[in-house]
>>> print(open('my_file.cif').read())   # mmCIF, C-alpha atoms
data_run
loop_
_atom_site.label_atom_id
_atom_site.label_comp_id
_atom_site.auth_asym_id
_atom_site.auth_seq_id
_atom_site.Cartn_x
_atom_site.Cartn_y
_atom_site.Cartn_z
CA MET A 1 48.94 132.27 143.10
CA SER A 2 52.02 131.10 141.22
CA LEU A 3 52.90 133.09 138.12
CA THR A 4 52.84 131.16 134.85
CA PHE A 5 55.72 131.32 132.39
CA HIS A 6 55.72 130.10 128.79
CA TRP A 7 58.63 129.96 126.35
CA PHE A 8 58.65 130.13 122.53
CA LEU A 9 59.40 127.70 119.71
CA PRO A 10 61.21 129.60 116.91
CA THR A 11 59.66 127.83 113.93
CA ASN A 12 61.03 130.58 111.69
CA GLY A 13 64.62 129.66 112.63
CA ASP A 14 66.93 130.67 115.43
CA SER A 15 70.23 132.47 115.77
CA ARG A 16 72.62 134.31 118.05
CA HIS A 17 71.23 137.34 116.23
CA VAL A 18 67.63 138.52 116.11
CA VAL A 19 65.55 136.66 113.53
CA GLY A 20 63.30 139.29 112.03
CA GLY A 21 60.08 138.91 110.08
CA GLY A 22 56.40 138.47 110.72
CA HIS A 23 53.35 140.68 110.10
CA GLY A 24 53.73 140.50 106.37
CA THR A 25 57.55 140.66 106.33
CA PRO A 26 59.73 137.62 105.53
CA ALA A 27 62.07 136.02 108.05
CA THR A 28 65.54 137.57 107.89
CA ALA A 29 68.63 135.64 106.76
CA SER A 30 69.65 134.96 110.37
CA GLY A 31 66.80 132.46 110.56
CA ARG A 32 68.99 130.08 108.55
CA ASP A 33 71.66 129.96 111.29
CA ARG A 34 69.75 127.31 113.23
CA PRO A 35 67.01 125.85 111.02
CA PRO A 36 63.77 124.94 112.83
CA THR A 37 64.23 121.19 112.69
CA VAL A 38 62.19 118.94 114.94
CA ALA A 39 65.43 117.91 116.66
CA TYR A 40 66.42 121.49 117.51
CA LEU A 41 62.92 122.61 118.51
CA SER A 42 62.63 119.53 120.70
CA GLN A 43 65.87 120.47 122.41
CA ILE A 44 64.39 123.89 123.23
CA ALA A 45 61.13 122.32 124.39
CA ARG A 46 62.89 119.86 126.69
CA ALA A 47 64.97 122.66 128.20
CA ALA A 48 61.85 124.77 128.79
CA GLU A 49 60.12 121.79 130.41
CA ASP A 50 63.05 121.05 132.71
CA LEU A 51 63.36 124.69 133.75
CA GLY A 52 59.71 124.94 134.77
CA PHE A 53 58.00 126.73 131.89
CA ILE A 54 54.37 125.62 131.57
CA GLY A 55 54.02 125.93 127.81
CA ALA A 56 55.61 127.09 124.58
CA LEU A 57 54.03 129.49 122.09
CA THR A 58 54.27 128.37 118.48
CA PRO A 59 53.53 131.09 115.88
CA THR A 60 51.54 130.99 112.68
CA GLY A 61 52.02 132.64 109.29
CA ALA A 62 53.77 132.36 105.96
CA TRP A 63 57.10 133.23 107.60
CA CYS A 64 57.32 130.09 109.77
CA GLU A 65 56.58 126.37 109.84
CA ASP A 66 53.03 125.15 110.48
CA ALA A 67 52.26 125.23 114.21
CA TRP A 68 49.97 122.18 114.41
CA LEU A 69 52.25 119.77 112.60
CA THR A 70 55.38 121.01 114.34
CA THR A 71 54.00 120.80 117.87
CA ALA A 72 52.48 117.39 117.23
CA MET A 73 55.97 116.14 116.37
CA VAL A 74 57.76 117.96 119.18
CA SER A 75 55.22 116.80 121.77
CA ARG A 76 56.52 113.25 121.35
CA HIS A 77 59.87 114.39 122.76
CA THR A 78 58.45 116.04 125.90
CA GLU A 79 56.34 114.87 128.81
CA ARG A 80 54.74 117.82 130.59
CA LEU A 81 55.21 120.92 128.44
CA LYS A 82 52.04 122.36 126.92
CA PHE A 83 51.91 123.89 123.46
CA LEU A 84 50.28 127.28 122.86
CA VAL A 85 49.42 126.63 119.22
CA ALA A 86 48.59 129.67 117.09
CA LEU A 87 45.53 129.23 114.87
CA ARG A 88 43.95 131.60 112.35
CA PRO A 89 40.15 131.33 112.12
CA GLY A 90 38.96 131.30 108.55
CA LEU A 91 41.81 129.16 107.26
CA VAL A 92 40.19 126.02 108.67
CA SER A 93 36.56 125.21 109.44
CA PRO A 94 35.52 125.65 113.09
CA THR A 95 34.28 122.06 113.27
CA LEU A 96 37.57 120.71 111.97
CA ALA A 97 39.53 122.99 114.32
CA ALA A 98 37.48 121.76 117.29
CA GLN A 99 38.12 118.16 116.19
CA MET A 100 41.85 118.79 115.74
CA ALA A 101 42.06 120.27 119.23
CA SER A 102 40.19 117.32 120.69
CA THR A 103 42.52 114.86 118.96
CA PHE A 104 45.60 116.80 120.11
CA GLN A 105 44.39 116.67 123.72
CA ARG A 106 43.97 112.90 123.65
CA HIS A 107 47.26 112.13 121.92
CA SER A 108 49.32 114.61 123.97
CA GLY A 109 47.80 113.96 127.37
CA GLY A 110 45.92 117.26 127.55
CA ARG A 111 48.81 119.54 126.59
CA LEU A 112 47.14 121.90 124.09
CA LEU A 113 46.54 125.62 124.61
CA LEU A 114 45.05 127.56 121.71
CA ASN A 115 46.30 130.99 120.64
CA VAL A 116 43.65 132.46 118.32
CA VAL A 117 45.19 134.92 115.84
CA THR A 118 42.66 136.80 113.72
CA GLY A 119 45.30 137.95 111.23
CA GLY A 120 46.25 141.61 110.90
CA GLU A 121 47.58 141.64 107.34
CA SER A 122 45.10 141.43 104.47
CA GLN A 123 47.85 140.75 101.93
CA GLU A 124 49.03 137.67 103.80
CA GLN A 125 45.45 136.51 104.43
CA ARG A 126 44.68 136.76 100.71
CA ALA A 127 47.62 134.44 99.98
CA TYR A 128 45.72 131.84 101.99
CA GLY A 129 42.48 132.51 100.12
CA ASP A 130 40.93 134.78 102.78
CA PHE A 131 39.54 138.01 101.29
CA LEU A 132 37.66 139.51 104.24
CA ASP A 133 38.70 142.89 105.58
CA LYS A 134 40.07 143.25 109.10
CA ASP A 135 36.81 144.02 110.95
CA ASP A 136 35.02 141.18 109.17
CA ARG A 137 37.85 138.84 110.13
CA TYR A 138 37.26 139.74 113.78
CA ARG A 139 33.52 139.20 113.45
CA ARG A 140 34.25 135.82 111.91
CA THR A 141 36.55 135.04 114.83
CA GLY A 142 33.66 135.62 117.20
CA GLU A 143 31.45 133.20 115.26
CA PHE A 144 34.32 130.71 115.05
CA LEU A 145 34.89 130.72 118.81
CA ARG A 146 31.17 130.42 119.52
CA ILE A 147 30.96 127.29 117.37
CA VAL A 148 34.16 125.75 118.72
CA ARG A 149 33.23 126.31 122.36
CA GLU A 150 29.75 124.84 121.90
CA LEU A 151 31.25 121.79 120.18
CA TRP A 152 33.71 121.35 123.05
CA ASP A 153 30.73 121.47 125.41
CA GLY A 154 29.31 118.45 123.60
CA LYS A 155 26.52 120.36 121.90
CA SER A 156 25.15 119.91 118.41
CA VAL A 157 25.62 123.23 116.62
CA ASP A 158 23.56 124.90 113.93
CA LEU A 159 24.67 128.42 113.05
CA HIS A 160 23.96 130.52 110.00
CA GLY A 161 26.18 133.49 110.82
CA GLU A 162 27.38 136.46 108.86
CA HIS A 163 30.54 134.58 107.83
CA LEU A 164 30.26 130.97 109.04
CA HIS A 165 27.53 128.42 108.42
CA VAL A 166 27.40 124.97 110.00
CA GLU A 167 24.53 122.51 110.31
CA GLY A 168 24.38 119.53 112.66
CA ALA A 169 28.00 119.98 113.73
CA LYS A 170 28.96 117.71 116.63
CA LEU A 171 32.11 116.03 117.94
CA SER A 172 32.13 112.31 118.52
CA ARG A 173 34.59 112.87 121.38
CA VAL A 174 35.01 116.15 123.23
CA PRO A 175 38.44 117.26 124.49
CA ASP A 176 39.39 116.57 128.09
CA PRO A 177 40.45 118.97 129.37
CA VAL A 178 38.98 121.67 127.15
CA PRO A 179 41.91 123.78 125.81
CA GLU A 180 42.14 127.29 127.20
CA VAL A 181 41.88 130.01 124.56
CA TYR A 182 44.45 132.83 124.39
CA PHE A 183 43.87 135.91 122.27
CA GLY A 184 45.27 139.40 121.69
CA GLY A 185 44.26 142.53 119.84
CA SER A 186 44.36 146.25 120.52
CA SER A 187 41.42 147.45 118.40
CA PRO A 188 37.95 148.04 119.90
CA ILE A 189 36.44 145.09 118.03
CA ALA A 190 39.25 142.82 119.29
CA GLY A 191 38.39 143.85 122.83
CA GLU A 192 34.78 142.80 122.31
CA ILE A 193 35.81 139.39 120.99
CA ALA A 194 38.14 138.87 123.96
CA ALA A 195 35.48 139.90 126.46
CA ARG A 196 32.95 137.41 125.10
CA HIS A 197 34.98 134.34 124.20
CA VAL A 198 38.54 133.93 125.54
CA ASP A 199 40.21 132.77 128.73
CA VAL A 200 43.47 134.74 128.59
CA TYR A 201 43.97 138.15 126.98
CA LEU A 202 47.54 138.70 125.73
CA THR A 203 49.23 142.02 125.14
CA TRP A 204 52.64 142.73 123.68
CA GLY A 205 55.21 144.22 126.04
CA GLU A 206 54.27 147.88 126.14
CA PRO A 207 55.32 150.12 129.05
CA PRO A 208 53.40 149.33 132.25
CA ALA A 209 51.15 152.39 132.05
CA GLN A 210 49.89 151.35 128.61
CA VAL A 211 49.45 147.75 129.72
CA ALA A 212 47.45 148.92 132.74
CA GLU A 213 45.11 150.87 130.46
CA LYS A 214 44.54 147.80 128.28
CA ILE A 215 43.85 145.56 131.25
CA ALA A 216 41.33 148.01 132.69
CA ARG A 217 39.54 148.33 129.34
CA ILE A 218 39.33 144.58 128.65
CA ARG A 219 38.40 143.78 132.24
CA ALA A 220 35.50 146.24 132.08
CA LEU A 221 34.29 144.81 128.76
CA ALA A 222 34.40 141.27 130.14
CA ALA A 223 32.49 142.32 133.27
CA ARG A 224 29.61 143.53 131.08
CA HIS A 225 29.26 139.96 129.87
CA GLY A 226 29.58 138.51 133.36
CA ARG A 227 33.02 137.11 132.62
CA THR A 228 36.47 137.31 134.24
CA LEU A 229 39.64 136.93 132.17
CA ARG A 230 43.26 136.31 132.99
CA PHE A 231 45.93 138.54 131.46
CA GLY A 232 49.33 137.76 129.94
CA VAL A 233 52.18 139.67 128.32
CA ARG A 234 54.45 138.66 125.43
CA LEU A 235 58.08 139.76 125.83
CA HIS A 236 61.63 138.88 124.90
CA VAL A 237 64.24 138.64 127.65
CA ILE A 238 67.95 139.34 127.97
CA THR A 239 68.96 138.57 131.54
CA ARG A 240 72.48 138.15 132.90
CA ASP A 241 74.39 138.05 136.18
CA THR A 242 74.93 141.82 135.96
CA SER A 243 73.10 144.66 134.30
CA GLU A 244 76.24 145.58 132.37
CA GLN A 245 76.45 142.12 130.83
CA ALA A 246 72.79 142.20 129.80
CA TRP A 247 73.00 145.60 128.14
CA ALA A 248 76.22 144.56 126.39
CA GLU A 249 74.27 141.67 124.87
CA ALA A 250 71.44 144.00 123.82
CA ASN A 251 73.95 146.30 122.16
CA ARG A 252 75.60 143.34 120.42
CA LEU A 253 72.22 142.39 118.95
CA LEU A 254 71.61 145.99 117.93
CA ASP A 255 74.99 146.15 116.19
CA GLY A 256 73.83 143.25 114.02
CA PHE A 257 70.96 145.29 112.52
CA ASP A 258 72.20 146.71 109.24
CA ALA A 259 70.55 149.94 108.13
CA GLU A 260 68.97 148.47 104.99
CA THR A 261 67.32 145.61 106.90
CA VAL A 262 65.89 148.05 109.44
CA ARG A 263 64.61 150.32 106.68
CA SER A 264 63.04 147.45 104.74
CA VAL A 265 61.38 145.84 107.77
CA GLN A 266 60.09 149.15 109.09
CA ALA A 267 58.61 150.01 105.70
CA GLY A 268 56.83 146.67 105.61
CA LEU A 269 55.56 146.92 109.18
CA GLY A 270 54.43 150.48 108.57
CA ARG A 271 51.83 149.08 106.18
CA SER A 272 50.44 146.73 108.81
CA GLU A 273 46.71 146.94 109.54
CA SER A 274 47.32 145.71 113.09
CA GLU A 275 46.72 148.37 115.73
CA GLY A 276 48.98 146.44 118.10
CA GLN A 277 51.77 146.51 115.51
CA GLN A 278 51.41 150.26 115.08
CA ARG A 279 51.64 150.65 118.85
CA MET A 280 54.87 148.63 118.78
CA LEU A 281 56.31 150.83 116.03
CA ALA A 282 55.47 153.98 117.96
CA LEU A 283 57.68 152.84 120.83
CA HIS A 284 60.87 153.38 118.82
CA GLY A 285 59.80 155.30 115.69
CA GLY A 286 62.32 153.37 113.60
CA SER A 287 65.23 155.02 115.43
CA ARG A 288 68.12 153.38 117.25
CA ASP A 289 68.09 156.17 119.84
CA ALA A 290 66.35 156.08 123.23
CA LEU A 291 65.36 152.43 122.96
CA GLU A 292 65.01 151.95 126.72
CA ILE A 293 61.39 153.11 126.91
CA HIS A 294 60.89 152.17 130.58
CA PRO A 295 63.45 150.92 133.09
CA ASN A 296 64.80 147.63 131.71
CA LEU A 297 62.26 147.63 128.82
CA TRP A 298 64.10 147.78 125.47
CA ALA A 299 62.34 148.35 122.14
CA GLY A 300 65.27 147.33 119.94
CA ILE A 301 63.88 143.97 118.83
CA GLY A 302 61.02 145.75 117.07
CA LEU A 303 63.41 147.43 114.64
CA VAL A 304 63.67 144.19 112.66
CA ARG A 305 60.88 141.96 113.96
CA GLY A 306 57.13 142.20 113.61
CA GLY A 307 54.82 141.43 116.49
CA ALA A 308 56.43 141.36 119.93
CA GLY A 309 59.22 143.92 119.71
CA THR A 310 60.31 144.64 123.28
CA ALA A 311 62.61 142.86 125.70
CA LEU A 312 63.26 142.94 129.42
CA VAL A 313 66.99 143.67 129.74
CA GLY A 314 68.98 143.65 132.96
CA SER A 315 70.41 141.62 135.78
CA HIS A 316 68.42 138.69 137.08
CA GLU A 317 67.32 140.83 140.02
CA GLU A 318 66.24 143.71 137.76
CA VAL A 319 64.28 141.49 135.41
CA ALA A 320 62.57 139.83 138.38
CA GLU A 321 61.54 143.32 139.58
CA ARG A 322 60.05 144.15 136.18
CA VAL A 323 58.12 140.87 136.22
CA LYS A 324 56.75 141.87 139.61
CA GLU A 325 55.84 145.31 138.24
CA TYR A 326 53.73 143.77 135.46
CA HIS A 327 52.25 141.29 137.92
CA ALA A 328 51.11 144.18 140.13
CA LEU A 329 49.06 145.44 137.17
CA GLY A 330 47.20 142.12 136.88
CA ILE A 331 49.49 140.13 134.58
CA GLU A 332 49.54 136.46 135.59
CA GLU A 333 51.14 134.83 132.54
CA PHE A 334 54.38 135.69 130.76
CA VAL A 335 55.11 134.41 127.23
CA LEU A 336 58.85 134.88 126.77
CA SER A 337 61.59 134.32 124.21
CA GLY A 338 65.20 135.28 123.52
CA TYR A 339 68.01 134.83 121.01
CA PRO A 340 69.11 132.11 120.82
CA HIS A 341 66.09 130.45 122.39
CA LEU A 342 67.95 127.50 123.84
CA GLU A 343 70.56 129.52 125.72
CA GLU A 344 68.20 132.31 126.79
CA ALA A 345 65.78 129.79 128.29
CA TYR A 346 68.57 128.77 130.66
CA TRP A 347 69.57 132.33 131.49
CA PHE A 348 66.01 133.16 132.54
CA GLY A 349 65.16 129.78 134.01
CA GLU A 350 68.26 129.53 136.16
CA GLY A 351 68.63 133.24 136.86
CA VAL A 352 65.19 134.79 137.31
CA LEU A 353 62.78 132.00 138.19
CA PRO A 354 64.59 130.98 141.40
CA ARG A 355 64.42 134.58 142.61
CA LEU A 356 60.69 134.70 142.02
CA ALA A 357 60.35 131.33 143.75
CA ALA A 358 62.21 132.65 146.80
CA GLN A 359 59.60 135.43 147.05
CA GLY A 360 56.69 133.01 146.78
CA LEU A 361 55.65 134.21 143.31
CA TRP A 362 56.51 131.07 141.35
CA ARG A 363 57.00 127.38 141.88
CA HIS A 364 58.32 124.70 139.58
CA PRO A 365 55.40 122.68 138.18
CA ALA A 366 57.24 119.43 138.88
CA GLY A 367 58.14 120.50 142.41
CA GLU A 368 61.83 120.76 141.55
CA PRO A 369 64.00 122.63 144.08
CA THR A 370 65.11 126.10 143.05
CA ASP A 371 68.30 127.80 144.16
CA PRO A 372 68.76 131.58 143.67
CA SER A 373 72.54 131.11 143.78
CA VAL A 374 72.49 129.14 140.52
CA ARG A 375 74.37 130.87 137.72
CA VAL A 376 74.56 130.00 134.07
CA PRO A 377 78.19 129.51 133.01
CA SER A 378 79.45 132.56 131.13
CA GLY A 379 80.18 130.44 128.07
CA ARG A 380 76.51 129.71 127.42
#
>>> encode(input="my_file.cif", output="structure tokens")
Amino acid sequence: MSLTFHWFLPTNGDSRHVVGGGHGTPATASGRDRPPTVAYLSQIARAAEDLGFIGALTPTGAWCEDAWLTTAMVSRHTERLKFLVALRPGLVSPTLAAQMASTFQRHSGGRLLLNVVTGGESQEQRAYGDFLDKDDRYRRTGEFLRIVRELWDGKSVDLHGEHLHVEGAKLSRVPDPVPEVYFGGSSPIAGEIAARHVDVYLTWGEPPAQVAEKIARIRALAARHGRTLRFGVRLHVITRDTSEQAWAEANRLLDGFDAETVRSVQAGLGRSESEGQQRMLALHGGSRDALEIHPNLWAGIGLVRGGAGTALVGSHEEVAERVKEYHALGIEEFVLSGYPHLEEAYWFGEGVLPRLAAQGLWRHPAGEPTDPSVRVPSGR
């Protein structure tokens, strides 16, 4: 089976430096270097499409542009690329969300994937008018997904749940195809929601041993409900012709983290209610030392950025080997990003993907030829 690779649309801005923020912390000043205009995001999306990425994750939160509106605009400038649109249950009714997804599928030619984000920060949720605590938000997510999936099946839905209440809900037109649902969460209640309702469980880029433990736990939970899930990992990438060049780039990014920004971001992330975020913080402990936490797995991004905080760093051959290592654990989908997102898409797409194709692990969705000898010019 061919591995699936997705890229990322930086709707919080892009830069040759890391754009920090997320999980209750504001985007850092570097996000103003390349504003997230439709023109620039479309340039990234077209590059990802040409290189063979299947989709592009678009985040949600107060720190970035709205995912639905942005991807609807960008989709008009692409032909095949799918959009992994992040959605927070509770900020929109499940019936309206199901209708929006159905409309998106028809107008985009079936190019919507849905990334359901429960929301790990109560302070940010309250700014949107959501005053439930974390566990209640997860329980609401379960009710939300139950309603949405039944509507997509063409059913009329009546539900008087703990948090959501709908009567006579029905779509006039169901989506075709039905969008696949992606979801992540490290807490026990998140695992239960994933096991019952989602298609793809996503984890942030922890060391392989920790990822293997997560996969085993979620797989067992899903089996109890007679379900089988796919698994994906969210990572940044810094890949170059040589290992030395890649690590030089990682160190250049690290040199751009001033001490006050690191302190401020770490203090904000330390208050996060997200178990996954706390696991990310534990990988580096706020220190610049010993950031290579597994061969070619670098935790430096997490010093200034919430959420996904690790990157695969190395030569194209080394990064391909790490991809294979995660694949051996059961990971089938990789959601990747890099700074800047336009240039790093080419480094990975022209450097790593052809090597995986040569080993029969990946093929271009458009059937384009791949050549492992391709190199990105050093000026990119």
>>> closest_residue(input="my_file.cif", among="A:Leu51, A:Ile189, A:Leu281, A:Ala29", to="A:Gly367", atoms="all atoms listed in the file")
A:Leu51
>>> resolve_selection(input="my_file.cif", expression="the PyMOL selection byres ((chain A and resi 298-313) around 8)", output="VMD selection string")
chain A and resid 18 to 23 25 204 to 206 234 to 239 243 246 to 247 250 254 257 261 to 262 265 to 266 269 276 to 277 280 to 281 283 to 284 286 to 288 291 to 294 296 to 297 314 to 315 319 322
>>> resolve_selection(input="my_file.cif", expression="the PyMOL selection byres ((chain A and resi 199-201) around 8)", output="mmCIF file with C-alpha atoms, keeping the file's coordinate frame")
data_model
loop_
_atom_site.group_PDB
_atom_site.id
_atom_site.type_symbol
_atom_site.label_atom_id
_atom_site.label_comp_id
_atom_site.auth_asym_id
_atom_site.auth_seq_id
_atom_site.Cartn_x
_atom_site.Cartn_y
_atom_site.Cartn_z
ATOM 1 C CA GLU A 180 42.140 127.290 127.200
ATOM 2 C CA VAL A 181 41.880 130.010 124.560
ATOM 3 C CA TYR A 182 44.450 132.830 124.390
ATOM 4 C CA PHE A 183 43.870 135.910 122.270
ATOM 5 C CA GLY A 184 45.270 139.400 121.690
ATOM 6 C CA ALA A 194 38.140 138.870 123.960
ATOM 7 C CA HIS A 197 34.980 134.340 124.200
ATOM 8 C CA VAL A 198 38.540 133.930 125.540
ATOM 9 C CA LEU A 202 47.540 138.700 125.730
ATOM 10 C CA THR A 203 49.230 142.020 125.140
ATOM 11 C CA LEU A 229 39.640 136.930 132.170
ATOM 12 C CA ARG A 230 43.260 136.310 132.990
ATOM 13 C CA PHE A 231 45.930 138.540 131.460
ATOM 14 C CA GLY A 232 49.330 137.760 129.940
#
>>> atom_distance(input="my_file.cif", atom1="atom CA of A:Thr4", atom2="atom CA of A:Thr37")
26.8 Å
>>> resolve_selection(input="my_file.cif", expression="the PyMOL selection byres ((chain A and resi 64-79) around 10)", output="PyMOL selection string")
chain A and resi 9-13+21-22+26-27+31+36-50+56-63+80-87+100-101+104+107-109+111-112
>>> closest_atom_pairs(input="my_file.cif", of="stretch 39-117 of chain A", to="stretch 166-173 of chain A", cutoff="10 Å", atoms="only C-alpha atoms", output="Markdown table")
| residue | atom | partner | partner_atom | distance |
| --- | --- | --- | --- | --- |
| A:Ser93 | CA | A:Val166 | CA | 9.2 |
| A:Pro94 | CA | A:Val166 | CA | 8.7 |
| A:Thr95 | CA | A:Ala169 | CA | 6.6 |
| A:Leu96 | CA | A:Leu171 | CA | 9.3 |
| A:Ala98 | CA | A:Leu171 | CA | 7.9 |
| A:Gln99 | CA | A:Leu171 | CA | 6.6 |
| A:Ser102 | CA | A:Arg173 | CA | 7.2 |
| A:Thr103 | CA | A:Arg173 | CA | 8.5 |
| A:Arg106 | CA | A:Arg173 | CA | 9.7 |
>>> closest_residue(input="my_file.cif", among="A:Gly24, A:Gly268, A:Gly351, A:Gly330", to="A:Ala127", atoms="only C-alpha atoms")
A:Gly24
>>> closest_residue(input="my_file.cif", among="A:Arg279, A:Lys155, A:His316, A:Arg224", to="A:Arg240", atoms="all atoms listed in the file")
A:His316
>>> atom_distance(input="my_file.cif", atom1="atom CA of A:Gly110", atom2="atom CA of A:Val178")
8.2 Å
>>> atom_distance(input="my_file.cif", atom1="atom CA of A:Leu336", atom2="atom CA of A:Ala320")
13.2 Å
>>> residues_around(input="my_file.cif", residues="A:Arg137", least_positions_apart="5", cutoff="10 Å", atoms="all atoms listed in the file", output="JSON, numbers by chain")
{"A": [88, 89, 90, 118, 119, 120, 122, 125, 130, 131, 132, 142, 143, 163]}
>>> closest_residue(input="my_file.cif", among="A:Ala212, A:Val352, A:Glu273, A:Ala358", to="A:Phe5", atoms="only C-alpha atoms")
A:Val352
>>> residues_around(input="my_file.cif", residues="A:His364", least_positions_apart="6", cutoff="9 Å", atoms="all atoms listed in the file", output="compact mmCIF listing (two decimals) with C-alpha atoms, in the coordinates of the input")
# COMPACT_ATOMS: atom_id res chain seq x y z
CA LEU A 51 63.36 124.69 133.75
CA GLY A 52 59.71 124.94 134.77
CA PHE A 53 58.00 126.73 131.89
CA ILE A 54 54.37 125.62 131.57
CA LEU A 353 62.78 132.00 138.19
CA ALA A 357 60.35 131.33 143.75
CA THR A 370 65.11 126.10 143.05
>>> residues_around(input="my_file.cif", residues="A:Ile218", least_positions_apart="5", cutoff="10 Å", atoms="all atoms listed in the file", output="compact mmCIF listing (two decimals) with C-alpha atoms, in the coordinates of the input")
# COMPACT_ATOMS: atom_id res chain seq x y z
CA SER A 186 44.36 146.25 120.52
CA PRO A 188 37.95 148.04 119.90
CA ALA A 190 39.25 142.82 119.29
CA GLY A 191 38.39 143.85 122.83
CA GLU A 192 34.78 142.80 122.31
CA ILE A 193 35.81 139.39 120.99
CA ALA A 194 38.14 138.87 123.96
CA ALA A 195 35.48 139.90 126.46
CA TYR A 201 43.97 138.15 126.98
CA GLU A 213 45.11 150.87 130.46
CA ALA A 223 32.49 142.32 133.27
CA THR A 228 36.47 137.31 134.24
CA LEU A 229 39.64 136.93 132.17
CA PHE A 231 45.93 138.54 131.46
>>> closest_residue(input="my_file.cif", among="A:Glu350, A:Glu124, A:Glu249, A:Glu275", to="A:Glu317", atoms="all atoms listed in the file")
A:Glu350
>>> build_atoms(input="my_file.cif", residues="stretch 78-90 of chain A", atoms="N, CA, C and O atoms", output="PDB file, keeping the file's coordinate frame")
ATOM      1  N   THR A  78      58.629 115.390 124.599  1.00  0.00           N
ATOM      2  CA  THR A  78      58.450 116.040 125.900  1.00  0.00           C
ATOM      3  C   THR A  78      57.386 115.276 126.676  1.00  0.00           C
ATOM      4  O   THR A  78      56.672 114.441 126.122  1.00  0.00           O
ATOM      5  N   GLU A  79      57.287 115.583 127.966  1.00  0.00           N
ATOM      6  CA  GLU A  79      56.340 114.870 128.810  1.00  0.00           C
ATOM      7  C   GLU A  79      55.273 115.765 129.419  1.00  0.00           C
ATOM      8  O   GLU A  79      54.118 115.353 129.541  1.00  0.00           O
ATOM      9  N   ARG A  80      55.649 116.953 129.836  1.00  0.00           N
ATOM     10  CA  ARG A  80      54.740 117.820 130.590  1.00  0.00           C
ATOM     11  C   ARG A  80      54.426 119.124 129.865  1.00  0.00           C
ATOM     12  O   ARG A  80      53.368 119.719 130.065  1.00  0.00           O
ATOM     13  N   LEU A  81      55.339 119.606 129.055  1.00  0.00           N
ATOM     14  CA  LEU A  81      55.210 120.920 128.440  1.00  0.00           C
ATOM     15  C   LEU A  81      53.958 121.015 127.590  1.00  0.00           C
ATOM     16  O   LEU A  81      53.664 120.127 126.778  1.00  0.00           O
ATOM     17  N   LYS A  82      53.209 122.103 127.762  1.00  0.00           N
ATOM     18  CA  LYS A  82      52.040 122.360 126.920  1.00  0.00           C
ATOM     19  C   LYS A  82      52.459 123.178 125.703  1.00  0.00           C
ATOM     20  O   LYS A  82      53.525 123.800 125.690  1.00  0.00           O
ATOM     21  N   PHE A  83      51.598 123.182 124.694  1.00  0.00           N
ATOM     22  CA  PHE A  83      51.910 123.890 123.460  1.00  0.00           C
ATOM     23  C   PHE A  83      50.808 124.902 123.167  1.00  0.00           C
ATOM     24  O   PHE A  83      49.640 124.535 122.998  1.00  0.00           O
ATOM     25  N   LEU A  84      51.197 126.172 123.152  1.00  0.00           N
ATOM     26  CA  LEU A  84      50.280 127.280 122.860  1.00  0.00           C
ATOM     27  C   LEU A  84      50.288 127.472 121.355  1.00  0.00           C
ATOM     28  O   LEU A  84      51.090 128.229 120.797  1.00  0.00           O
ATOM     29  N   VAL A  85      49.417 126.730 120.686  1.00  0.00           N
ATOM     30  CA  VAL A  85      49.420 126.630 119.220  1.00  0.00           C
ATOM     31  C   VAL A  85      48.621 127.780 118.622  1.00  0.00           C
ATOM     32  O   VAL A  85      47.441 127.968 118.936  1.00  0.00           O
ATOM     33  N   ALA A  86      49.262 128.555 117.757  1.00  0.00           N
ATOM     34  CA  ALA A  86      48.590 129.670 117.090  1.00  0.00           C
ATOM     35  C   ALA A  86      47.728 129.152 115.949  1.00  0.00           C
ATOM     36  O   ALA A  86      48.162 128.324 115.148  1.00  0.00           O
ATOM     37  N   LEU A  87      46.505 129.659 115.878  1.00  0.00           N
ATOM     38  CA  LEU A  87      45.530 129.230 114.870  1.00  0.00           C
ATOM     39  C   LEU A  87      44.821 130.449 114.308  1.00  0.00           C
ATOM     40  O   LEU A  87      44.380 131.316 115.070  1.00  0.00           O
ATOM     41  N   ARG A  88      44.684 130.516 112.988  1.00  0.00           N
ATOM     42  CA  ARG A  88      43.950 131.600 112.350  1.00  0.00           C
ATOM     43  C   ARG A  88      42.551 131.144 111.929  1.00  0.00           C
ATOM     44  O   ARG A  88      42.417 130.309 111.026  1.00  0.00           O
ATOM     45  N   PRO A  89      41.507 131.658 112.562  1.00  0.00           N
ATOM     46  CA  PRO A  89      40.150 131.330 112.120  1.00  0.00           C
ATOM     47  C   PRO A  89      39.951 131.757 110.670  1.00  0.00           C
ATOM     48  O   PRO A  89      40.478 132.775 110.231  1.00  0.00           O
ATOM     49  N   GLY A  90      39.196 130.973 109.951  1.00  0.00           N
ATOM     50  CA  GLY A  90      38.960 131.300 108.550  1.00  0.00           C
ATOM     51  C   GLY A  90      39.818 130.501 107.604  1.00  0.00           C
ATOM     52  O   GLY A  90      39.470 130.345 106.432  1.00  0.00           O
TER      53      GLY A  90
END
